[in-house]
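J.: Got a structure for you, questions after.
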Amino acid sequence: MVQSEQQQVGAPTNERIRELFSRWGLNAGREVVGFTFRAAELSHDRVVGGPQVLATFVHESTSVGVRLWRAGEAPRFKRVGEIDLAHDPVDPALGRGVVALLDRLVAWLKHHDDGAALATLLDGAPRSAPEPAPSEAFTSSQPYVVVHEAPPLDPAKQAPPDRPVIPFDFIDVADLHRYPDALREIYAGKRGGLVIRGVYSKEEMARVVGRLERSQERFPLMHLPANQRSYFLGLCLEGGDPELTEYLDAATRFREETLPVFEGMAPFEQRVETLFRSMSGGRRVQLAHYGDGRPYTPATIRILPPGGQLAPHCGNEMYRRPSYRHLNSFVDDHDQLSFFLTLQEPEAGGGLIIYSLKWANVGSEHILSDERSNVGAILHESQWQEVRPGAGDVLIFDGGRYLHRVDWVRGPRTRWTMGGFLMFDRPGDTVLYFA
């Protein structure tokens, strides 16, 4: 089982944290720009891997967590001296208020020696024992990079149901014969997306998640940046070395460990290949392979605990990565489709958010020196839509052209999905999948 997202540590240190906040004038019940301060305590975040302070505020009946930690490489809302701070996911309606709250806390820290006393406390705080790594050789040393945050979702920018950003057909798996060339149609921009219901039963997905919870330490592990509060089982091409040494070794491990997870039901690769073949227009469907015959990984398992998210991205941006060099030697890089199987949906949040902003319309002024995009500042101008498939459903859409992300997970239930990407080879007679 995954450790809880926060682990309380060191009661004496918590007392010192509360004493420090009290000296700053932040006592329980203090009102700060419409939010009521409740408590501050030391916590340990699984993804960050170090001590931080969780300050809890309440607005009406809604709690908001603000985290403060020793300045480092992790993305943050603001940095003051040696302290970074950010807020946990909130309802979009509270977005502006929470920004005002953090701005006030920034001013508070600046007024108190840039939070130097807090930095000292964090330096001396006990650290939670690290979780055992799945395997030193199979833990990604180059995590997925995020260079921008998505703006809060503006209800006024939500696309109306009759004019979505991308039209989706929700169909039963038994009706797939009505979509014989759907993959090419999505690729050509003639079809938006599909949600195929009942690829697996909900009971089968519950068994898969239970097995994964008990065995995930056996899988290759890919950490995401701290502000994502999420991680992958299996390594994806993003962030890998051009020779793919680590990636291909991890792919073999991932495929081996996935088989027992689907025991008693259709194996994942067999099931998705059958699915893709029925929509391929008669083309071959196969897992991508390296030049020496070693297979790519067929998917990654994306785990978004409460508070987790995936930042804005799109498939067509990925071709710029050195790790795509081999793949780019034989695929048609005009477009990349995205797919995922929902293993367990969250109670709230965690929806797929698709923006009207296309990669082709991202100007050079929003491309950084390392060729990564920085579109956070222009996403607020875009329309958006949300799609929420259920457990056992497979979603396929044009994730290559359209910027998209996964919204913050709210509620106690973790979001589990398993998916990857689809591309055509250059002659156009083979559909390749990989992650």
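Identifiers in the structure tokens: chain A, B, ... in order shown; residue index from 1 per chain; ligand index from 1 in order shown.
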Which neighbours of A:Trp69 fall inside 6 Å, counting only C-alpha atoms, when residues of the same chain fewer than 5 positions from it are skipped, and could you give them as a VMD selection string?
T.: chain A and resid 52 83 to 84
J.: If you count only C-alpha atoms, which residues fall within 12 Å of A:Trp359, apart from same-chain ones fewer than 2 positions away, as a PDB file with N, CA, C and O atoms, in the first residue's frame?
T.:
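Contents of the output file result.pdb:
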```pdb
ATOM      1  N   PRO A 312      -0.595  20.786 -17.723  1.00  0.00           N
ATOM      2  CA  PRO A 312      -0.909  20.900 -19.151  1.00  0.00           C
ATOM      3  C   PRO A 312       0.238  20.396 -20.026  1.00  0.00           C
ATOM      4  O   PRO A 312       1.409  20.670 -19.771  1.00  0.00           O
ATOM      5  N   HIS A 313      -0.133  19.661 -21.068  1.00  0.00           N
ATOM      6  CA  HIS A 313       0.852  19.111 -21.995  1.00  0.00           C
ATOM      7  C   HIS A 313       0.119  18.686 -23.260  1.00  0.00           C
ATOM      8  O   HIS A 313      -1.104  18.685 -23.315  1.00  0.00           O
ATOM      9  N   CYS A 314       0.852  18.324 -24.281  1.00  0.00           N
ATOM     10  CA  CYS A 314       0.259  17.724 -25.470  1.00  0.00           C
ATOM     11  C   CYS A 314       1.304  16.853 -26.148  1.00  0.00           C
ATOM     12  O   CYS A 314       2.510  17.065 -26.004  1.00  0.00           O
ATOM     13  N   GLY A 315       0.829  15.842 -26.869  1.00  0.00           N
ATOM     14  CA  GLY A 315       1.726  14.867 -27.457  1.00  0.00           C
ATOM     15  C   GLY A 315       2.667  15.438 -28.490  1.00  0.00           C
ATOM     16  O   GLY A 315       3.829  15.026 -28.589  1.00  0.00           O
ATOM     17  N   ASN A 316       2.195  16.396 -29.306  1.00  0.00           N
ATOM     18  CA  ASN A 316       3.026  16.895 -30.391  1.00  0.00           C
ATOM     19  C   ASN A 316       4.196  17.744 -29.907  1.00  0.00           C
ATOM     20  O   ASN A 316       5.095  18.055 -30.693  1.00  0.00           O
ATOM     21  N   GLU A 317       4.178  18.118 -28.646  1.00  0.00           N
ATOM     22  CA  GLU A 317       5.343  18.803 -28.076  1.00  0.00           C
ATOM     23  C   GLU A 317       6.472  17.818 -27.797  1.00  0.00           C
ATOM     24  O   GLU A 317       7.646  18.196 -27.788  1.00  0.00           O
ATOM     25  N   MET A 318       6.152  16.549 -27.597  1.00  0.00           N
ATOM     26  CA  MET A 318       7.136  15.577 -27.134  1.00  0.00           C
ATOM     27  C   MET A 318       8.170  15.212 -28.195  1.00  0.00           C
ATOM     28  O   MET A 318       9.247  14.722 -27.880  1.00  0.00           O
ATOM     29  N   TYR A 319       7.850  15.433 -29.469  1.00  0.00           N
ATOM     30  CA  TYR A 319       8.802  15.046 -30.515  1.00  0.00           C
ATOM     31  C   TYR A 319      10.140  15.762 -30.384  1.00  0.00           C
ATOM     32  O   TYR A 319      11.135  15.317 -30.942  1.00  0.00           O
ATOM     33  N   HIS A 334       3.105  13.662 -37.697  1.00  0.00           N
ATOM     34  CA  HIS A 334       2.064  14.669 -37.914  1.00  0.00           C
ATOM     35  C   HIS A 334       1.164  14.812 -36.698  1.00  0.00           C
ATOM     36  O   HIS A 334       0.700  15.903 -36.380  1.00  0.00           O
ATOM     37  N   ASP A 335       0.915  13.689 -36.015  1.00  0.00           N
ATOM     38  CA  ASP A 335       0.037  13.751 -34.850  1.00  0.00           C
ATOM     39  C   ASP A 335       0.254  12.522 -33.979  1.00  0.00           C
ATOM     40  O   ASP A 335       0.747  11.486 -34.440  1.00  0.00           O
ATOM     41  N   GLN A 336      -0.108  12.666 -32.720  1.00  0.00           N
ATOM     42  CA  GLN A 336      -0.019  11.584 -31.744  1.00  0.00           C
ATOM     43  C   GLN A 336      -1.347  11.517 -31.003  1.00  0.00           C
ATOM     44  O   GLN A 336      -1.823  12.533 -30.491  1.00  0.00           O
ATOM     45  N   TYR A 355      -8.212  21.750 -23.598  1.00  0.00           N
ATOM     46  CA  TYR A 355      -8.278  23.172 -23.933  1.00  0.00           C
ATOM     47  C   TYR A 355      -8.426  23.360 -25.445  1.00  0.00           C
ATOM     48  O   TYR A 355      -7.990  22.516 -26.240  1.00  0.00           O
ATOM     49  N   SER A 356      -8.977  24.483 -25.829  1.00  0.00           N
ATOM     50  CA  SER A 356      -9.077  24.805 -27.256  1.00  0.00           C
ATOM     51  C   SER A 356      -7.730  25.209 -27.835  1.00  0.00           C
ATOM     52  O   SER A 356      -7.574  25.259 -29.064  1.00  0.00           O
ATOM     53  N   LEU A 357      -6.756  25.491 -26.998  1.00  0.00           N
ATOM     54  CA  LEU A 357      -5.421  25.867 -27.469  1.00  0.00           C
ATOM     55  C   LEU A 357      -4.737  24.668 -28.118  1.00  0.00           C
ATOM     56  O   LEU A 357      -4.597  23.615 -27.497  1.00  0.00           O
ATOM     57  N   ASN A 361      -0.675  26.501 -32.501  1.00  0.00           N
ATOM     58  CA  ASN A 361      -0.899  27.928 -32.234  1.00  0.00           C
ATOM     59  C   ASN A 361      -0.083  28.462 -31.066  1.00  0.00           C
ATOM     60  O   ASN A 361      -0.280  29.603 -30.643  1.00  0.00           O
ATOM     61  N   VAL A 362       0.820  27.638 -30.534  1.00  0.00           N
ATOM     62  CA  VAL A 362       1.721  28.104 -29.471  1.00  0.00           C
ATOM     63  C   VAL A 362       2.908  28.788 -30.128  1.00  0.00           C
ATOM     64  O   VAL A 362       3.716  28.142 -30.808  1.00  0.00           O
ATOM     65  N   GLY A 363       3.002  30.093 -29.944  1.00  0.00           N
ATOM     66  CA  GLY A 363       4.057  30.862 -30.598  1.00  0.00           C
ATOM     67  C   GLY A 363       5.424  30.642 -29.980  1.00  0.00           C
ATOM     68  O   GLY A 363       5.556  30.126 -28.863  1.00  0.00           O
ATOM     69  N   SER A 364       6.458  31.062 -30.687  1.00  0.00           N
ATOM     70  CA  SER A 364       7.843  30.875 -30.235  1.00  0.00           C
ATOM     71  C   SER A 364       8.121  31.595 -28.928  1.00  0.00           C
ATOM     72  O   SER A 364       9.006  31.194 -28.177  1.00  0.00           O
ATOM     73  N   HIS A 366       6.473  31.439 -26.404  1.00  0.00           N
ATOM     74  CA  HIS A 366       6.081  30.559 -25.309  1.00  0.00           C
ATOM     75  C   HIS A 366       6.869  29.246 -25.310  1.00  0.00           C
ATOM     76  O   HIS A 366       6.471  28.282 -24.664  1.00  0.00           O
ATOM     77  N   ILE A 367       7.987  29.221 -26.046  1.00  0.00           N
ATOM     78  CA  ILE A 367       8.867  28.061 -26.064  1.00  0.00           C
ATOM     79  C   ILE A 367      10.163  28.450 -25.366  1.00  0.00           C
ATOM     80  O   ILE A 367      10.819  29.434 -25.740  1.00  0.00           O
ATOM     81  N   ARG A 372      10.894  23.408 -24.279  1.00  0.00           N
ATOM     82  CA  ARG A 372       9.659  23.072 -23.577  1.00  0.00           C
ATOM     83  C   ARG A 372       8.726  24.276 -23.623  1.00  0.00           C
ATOM     84  O   ARG A 372       9.160  25.420 -23.618  1.00  0.00           O
ATOM     85  N   SER A 373       7.432  23.984 -23.627  1.00  0.00           N
ATOM     86  CA  SER A 373       6.463  25.073 -23.697  1.00  0.00           C
ATOM     87  C   SER A 373       6.217  25.660 -22.315  1.00  0.00           C
ATOM     88  O   SER A 373       6.383  25.008 -21.295  1.00  0.00           O
ATOM     89  N   ASN A 374       5.812  26.925 -22.319  1.00  0.00           N
ATOM     90  CA  ASN A 374       5.416  27.611 -21.102  1.00  0.00           C
ATOM     91  C   ASN A 374       4.134  28.371 -21.422  1.00  0.00           C
ATOM     92  O   ASN A 374       4.166  29.551 -21.755  1.00  0.00           O
ATOM     93  N   VAL A 375       3.019  27.659 -21.372  1.00  0.00           N
ATOM     94  CA  VAL A 375       1.751  28.206 -21.855  1.00  0.00           C
ATOM     95  C   VAL A 375       0.793  28.572 -20.729  1.00  0.00           C
ATOM     96  O   VAL A 375      -0.362  28.910 -20.997  1.00  0.00           O
ATOM     97  N   LEU A 379      -3.276  29.931 -21.243  1.00  0.00           N
ATOM     98  CA  LEU A 379      -4.366  28.960 -21.143  1.00  0.00           C
ATOM     99  C   LEU A 379      -5.655  29.592 -20.645  1.00  0.00           C
ATOM    100  O   LEU A 379      -6.743  29.131 -20.983  1.00  0.00           O
ATOM    101  N   ASP A 398      -7.481  13.159 -29.529  1.00  0.00           N
ATOM    102  CA  ASP A 398      -6.359  13.821 -30.205  1.00  0.00           C
ATOM    103  C   ASP A 398      -5.535  14.601 -29.185  1.00  0.00           C
ATOM    104  O   ASP A 398      -5.528  15.827 -29.158  1.00  0.00           O
ATOM    105  N   GLY A 399      -4.827  13.854 -28.347  1.00  0.00           N
ATOM    106  CA  GLY A 399      -3.985  14.497 -27.338  1.00  0.00           C
ATOM    107  C   GLY A 399      -2.694  15.042 -27.895  1.00  0.00           C
ATOM    108  O   GLY A 399      -1.917  15.655 -27.161  1.00  0.00           O
ATOM    109  N   GLY A 400      -2.437  14.822 -29.182  1.00  0.00           N
ATOM    110  CA  GLY A 400      -1.248  15.384 -29.796  1.00  0.00           C
ATOM    111  C   GLY A 400      -1.401  16.851 -30.089  1.00  0.00           C
ATOM    112  O   GLY A 400      -0.529  17.664 -29.763  1.00  0.00           O
ATOM    113  N   ARG A 401      -2.523  17.234 -30.678  1.00  0.00           N
ATOM    114  CA  ARG A 401      -2.721  18.628 -31.088  1.00  0.00           C
ATOM    115  C   ARG A 401      -3.204  19.533 -29.961  1.00  0.00           C
ATOM    116  O   ARG A 401      -2.841  20.704 -29.901  1.00  0.00           O
ATOM    117  N   TYR A 402      -4.046  19.000 -29.070  1.00  0.00           N
ATOM    118  CA  TYR A 402      -4.725  19.844 -28.091  1.00  0.00           C
ATOM    119  C   TYR A 402      -4.025  19.803 -26.729  1.00  0.00           C
ATOM    120  O   TYR A 402      -3.745  18.721 -26.204  1.00  0.00           O
ATOM    121  N   LEU A 403      -3.767  20.979 -26.171  1.00  0.00           N
ATOM    122  CA  LEU A 403      -3.256  21.042 -24.798  1.00  0.00           C
ATOM    123  C   LEU A 403      -4.314  20.452 -23.867  1.00  0.00           C
ATOM    124  O   LEU A 403      -5.510  20.723 -24.010  1.00  0.00           O
ATOM    125  N   HIS A 404      -3.874  19.660 -22.914  1.00  0.00           N
ATOM    126  CA  HIS A 404      -4.800  19.039 -21.981  1.00  0.00           C
ATOM    127  C   HIS A 404      -4.083  18.771 -20.669  1.00  0.00           C
ATOM    128  O   HIS A 404      -2.849  18.838 -20.592  1.00  0.00           O
TER     129      HIS A 404
END
```
J.: Would you list, as a list of chain:residue names, the residues of stretch 228-314 of chain A that end up in strand (DSSP E or B) under DSSP run on this structure's backbone?
T.: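 Of stretch 228-314 of chain A, only A:Tyr231, A:Phe232, A:Leu233, A:Arg284, A:Val285, A:Gln286, A:Leu287, A:His289, A:Pro295, A:Thr300, A:Ile301, A:Arg302, A:Ile303, A:Leu304, A:Leu310, A:Ala311, A:Pro312, A:His313 fall in strand (DSSP E or B).
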J.: Give me the residues near A:Ile17 as a CSV table (one decimal) with C-alpha atoms, in the first residue's frame, where near means some atom within 10 Å (using only C-alpha atoms) and where sequence neighbours in that chain fewer than 6 positions away do not count.
T.:
```csv
chain,number,residue,atom,x,y,z
A,11,ALA,CA,5.3,16.4,18.2
A,23,ARG,CA,4.9,35.0,17.3
A,39,ALA,CA,-3.5,25.1,12.6
A,40,ALA,CA,0.1,24.6,11.4
A,41,GLU,CA,1.9,21.3,11.7
A,42,LEU,CA,4.9,19.6,10.3
A,53,VAL,CA,4.7,22.9,7.2
A,117,ALA,CA,13.3,31.1,11.6
A,118,LEU,CA,11.1,28.7,9.7
A,121,LEU,CA,13.2,24.7,12.0
A,122,LEU,CA,12.8,22.8,8.8
```
J.: Which polymer residues have any atom within 10 Å of an atom of A:Phe57, counting only C-alpha atoms, with same-chain residues fewer than 2 positions away left out, as a ChimeraX atom specification?
T.: /A:28-32,34-40,54-55,59-60,62-66,98,101
J.: May I have the selected residues written with C-alpha atoms, as an mmCIF file, in the first residue's frame?
T.:
```cif
data_model
loop_
_atom_site.group_PDB
_atom_site.id
_atom_site.type_symbol
_atom_site.label_atom_id
_atom_site.label_comp_id
_atom_site.auth_asym_id
_atom_site.auth_seq_id
_atom_site.Cartn_x
_atom_site.Cartn_y
_atom_site.Cartn_z
ATOM 1 C CA ALA A 28 -5.969 29.787 15.571
ATOM 2 C CA GLY A 29 -9.014 31.889 14.647
ATOM 3 C CA ARG A 30 -7.033 34.682 12.973
ATOM 4 C CA GLU A 31 -8.771 36.038 9.869
ATOM 5 C CA VAL A 32 -6.589 36.536 6.793
ATOM 6 C CA GLY A 34 -11.490 36.103 4.332
ATOM 7 C CA PHE A 35 -9.836 32.847 5.455
ATOM 8 C CA THR A 36 -9.651 31.660 9.056
ATOM 9 C CA PHE A 37 -6.352 30.197 10.231
ATOM 10 C CA ARG A 38 -6.859 26.870 12.012
ATOM 11 C CA ALA A 39 -3.509 25.134 12.572
ATOM 12 C CA ALA A 40 0.056 24.580 11.398
ATOM 13 C CA LEU A 54 1.016 22.393 6.385
ATOM 14 C CA ALA A 55 -0.964 25.486 7.377
ATOM 15 C CA HIS A 59 -13.302 29.655 4.127
ATOM 16 C CA GLU A 60 -16.921 29.057 5.105
ATOM 17 C CA THR A 62 -14.034 24.663 2.830
ATOM 18 C CA SER A 63 -10.533 23.853 4.086
ATOM 19 C CA VAL A 64 -7.480 25.092 2.212
ATOM 20 C CA GLY A 65 -3.992 23.751 2.806
ATOM 21 C CA VAL A 66 -0.940 25.968 2.302
ATOM 22 C CA VAL A 98 -6.470 31.660 -2.405
ATOM 23 C CA LEU A 101 -4.186 34.534 0.740
#
```
